[in-house]
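Working notes, beginning with the structure itself.
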Amino acid sequence: STDAADATLAWSISGSGLTTSAALLAAKAFSPTGPSGTSLVIDLSSALSKASLTPGSSYTITLRVSSPTSGSGATATELTLALPPSGGLCAPSPSTGEAYTTEFTQACASWASEELPLEYSFGIEAGAVFTAATAAWT
């Protein structure tokens, strides 16, 4: 076992399309914990993550540990980002109505995904007119 007081930890990520692992992990928007903490957190919802990581691609996460008293070592694991669900449709019912008086429901059908079960959430920004572009589908 390595004494944490004298150990140096360094995380890295490699895979399809990644060229600047150190800079990516140092960006708080991508990894709030940074590239040298005792744990690695990657914020997959950030714009930087979405621009850097490709759904369906595999990435290797590596932790290197070095200590002047205990030597060094590394471990790695592979992470594959799932493809988003596809092929389905979500629609409100009724398609028009009065705010605060009409009860709306959402129905989703025919979605396919590698990751099951699927969960749905719906929303719209306050003051926006409901259209497919303004709806928040996750």
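Identifiers for the structure tokens are assigned positionally: chains receive A, B, ... in sequence, residues are indexed from 1 per chain, and ligands are indexed from 1 in the order shown.
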
Write down as a VMD selection string the residues of chain A whose backbone DSSP state falls under strand (DSSP E). chain A and resid 8 to 15 58 to 67 71 to 80 89 to 93 105 to 109 122 to 124 135 to 137

Write out the residues from the selection above, keeping C-alpha atoms, as a CSV table (one decimal), in the first residue's frame.
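Okay, out-v7.csv is ready:
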```csv
chain,number,residue,atom,x,y,z
A,8,THR,CA,1.4,11.5,-6.7
A,9,LEU,CA,-1.8,10.7,-8.6
A,10,ALA,CA,-2.4,11.5,-12.2
A,11,TRP,CA,-5.6,10.7,-14.1
A,12,SER,CA,-5.7,10.6,-17.9
A,13,ILE,CA,-8.3,9.8,-20.6
A,14,SER,CA,-7.7,8.6,-24.1
A,15,GLY,CA,-9.8,7.5,-27.0
A,58,SER,CA,-14.9,3.8,-26.0
A,59,TYR,CA,-12.4,5.7,-23.8
A,60,THR,CA,-9.7,4.5,-21.5
A,61,ILE,CA,-9.5,6.1,-18.0
A,62,THR,CA,-6.0,5.6,-16.5
A,63,LEU,CA,-4.8,6.3,-13.0
A,64,ARG,CA,-1.0,6.5,-12.5
A,65,VAL,CA,0.4,6.5,-8.9
A,66,SER,CA,4.0,7.2,-8.0
A,67,SER,CA,5.7,7.4,-4.7
A,71,GLY,CA,7.4,2.9,-6.4
A,72,SER,CA,4.8,3.4,-9.1
A,73,GLY,CA,1.9,1.7,-10.8
A,74,ALA,CA,-1.1,2.2,-12.9
A,75,THR,CA,-4.6,0.9,-13.5
A,76,ALA,CA,-7.0,1.5,-16.3
A,77,THR,CA,-10.6,0.9,-17.2
A,78,GLU,CA,-12.6,1.2,-20.3
A,79,LEU,CA,-15.7,3.4,-20.5
A,80,THR,CA,-18.1,3.2,-23.4
A,89,LEU,CA,-41.7,9.9,-30.8
A,90,CYS,CA,-43.0,12.0,-27.9
A,91,ALA,CA,-46.1,14.1,-28.2
A,92,PRO,CA,-48.3,16.2,-25.9
A,93,SER,CA,-52.0,15.5,-25.6
A,105,THR,CA,-50.1,14.6,-20.8
A,106,GLN,CA,-47.1,13.3,-22.6
A,107,ALA,CA,-46.8,10.0,-24.4
A,108,CYS,CA,-43.6,8.4,-25.8
A,109,ALA,CA,-43.6,5.4,-28.0
A,122,PHE,CA,-40.5,16.8,-20.0
A,123,GLY,CA,-40.5,20.5,-19.5
A,124,ILE,CA,-40.7,23.9,-21.0
A,135,ALA,CA,-39.6,21.6,-25.3
A,136,ALA,CA,-37.0,20.1,-23.0
A,137,TRP,CA,-36.9,16.3,-23.7
```

Between atom CA of A:Glu114 and atom CA of A:Thr54, distance in Å (one decimal): 15.4 Å

d(atom CA of A:Gly97, atom CA of A:Ser121) in Å: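 Computed distance, atom CA of A:Gly97 to atom CA of A:Ser121, equals 20.3 Å.
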
Neighbouring residues of A:Glu115 were defined as those with any atom within 9 Å, considering only C-alpha atoms; residues of the same chain fewer than 2 positions away were excluded. Please report them as a list in words. Ala82, Leu83, Pro84, Pro85, Ala112, Ser113, Pro117 and Leu118 of chain A

Selected residues written out, C-alpha atoms, as a PDB file, in the first residue's frame:
```pdb
ATOM      1  CA  ALA A  82     -24.017   4.620 -24.770  1.00  0.00           C
ATOM      2  CA  LEU A  83     -25.699   5.772 -27.927  1.00  0.00           C
ATOM      3  CA  PRO A  84     -28.729   7.983 -27.329  1.00  0.00           C
ATOM      4  CA  PRO A  85     -32.188   6.450 -27.727  1.00  0.00           C
ATOM      5  CA  ALA A 112     -35.009   1.887 -28.990  1.00  0.00           C
ATOM      6  CA  SER A 113     -31.910   1.936 -26.791  1.00  0.00           C
ATOM      7  CA  PRO A 117     -35.342   0.850 -18.976  1.00  0.00           C
ATOM      8  CA  LEU A 118     -35.712   4.331 -20.454  1.00  0.00           C
TER       9      LEU A 118
END
```

DSSP-assigned alpha helix (DSSP H) among chain A, expressed as JSON, numbers by chain: {"A": [21, 22, 23, 24, 25, 26, 47, 48, 49, 50, 51, 52]}

Atoms kept (N, CA and C atoms) for selection, written as an mmCIF file, in the first residue's frame:
```cif
data_model
loop_
_atom_site.group_PDB
_atom_site.id
_atom_site.type_symbol
_atom_site.label_atom_id
_atom_site.label_comp_id
_atom_site.auth_asym_id
_atom_site.auth_seq_id
_atom_site.Cartn_x
_atom_site.Cartn_y
_atom_site.Cartn_z
ATOM 1 N N SER A 21 -5.743 15.338 -23.358
ATOM 2 C CA SER A 21 -6.310 14.751 -22.144
ATOM 3 C C SER A 21 -6.055 15.621 -20.920
ATOM 4 N N ALA A 22 -4.826 16.086 -20.728
ATOM 5 C CA ALA A 22 -4.496 16.868 -19.535
ATOM 6 C C ALA A 22 -5.303 18.153 -19.473
ATOM 7 N N ALA A 23 -5.405 18.864 -20.594
ATOM 8 C CA ALA A 23 -6.170 20.111 -20.614
ATOM 9 C C ALA A 23 -7.652 19.841 -20.388
ATOM 10 N N LEU A 24 -8.151 18.763 -20.956
ATOM 11 C CA LEU A 24 -9.561 18.409 -20.800
ATOM 12 C C LEU A 24 -9.885 18.102 -19.343
ATOM 13 N N LEU A 25 -9.070 17.285 -18.697
ATOM 14 C CA LEU A 25 -9.313 16.936 -17.297
ATOM 15 C C LEU A 25 -9.093 18.113 -16.355
ATOM 16 N N ALA A 26 -8.279 19.078 -16.751
ATOM 17 C CA ALA A 26 -8.038 20.253 -15.921
ATOM 18 C C ALA A 26 -9.191 21.245 -15.990
ATOM 19 N N ALA A 47 -21.261 21.101 -21.657
ATOM 20 C CA ALA A 47 -21.076 21.347 -23.090
ATOM 21 C C ALA A 47 -19.706 20.853 -23.550
ATOM 22 N N LEU A 48 -18.690 21.009 -22.701
ATOM 23 C CA LEU A 48 -17.345 20.554 -23.062
ATOM 24 C C LEU A 48 -17.295 19.034 -23.215
ATOM 25 N N SER A 49 -17.951 18.315 -22.325
ATOM 26 C CA SER A 49 -17.997 16.851 -22.439
ATOM 27 C C SER A 49 -18.727 16.431 -23.703
ATOM 28 N N LYS A 50 -19.866 17.082 -23.963
ATOM 29 C CA LYS A 50 -20.648 16.734 -25.148
ATOM 30 C C LYS A 50 -19.869 17.022 -26.427
ATOM 31 N N ALA A 51 -19.029 18.056 -26.422
ATOM 32 C CA ALA A 51 -18.238 18.393 -27.601
ATOM 33 C C ALA A 51 -17.003 17.498 -27.733
ATOM 34 N N SER A 52 -16.550 16.910 -26.630
ATOM 35 C CA SER A 52 -15.296 16.144 -26.633
ATOM 36 C C SER A 52 -15.485 14.638 -26.729
#
```

Name the residues in contact with A:Val41 at a cut-off of 8 Å, using only C-alpha atoms, excluding same-chain residues fewer than 4 positions from it; report them as a ChimeraX atom specification. /A:31-34

So which residues touch A:Ser110 within 9 Å, counting only C-alpha atoms, skipping near sequence neighbours fewer than 3 positions away, as number ranges by chain? A: 86-89
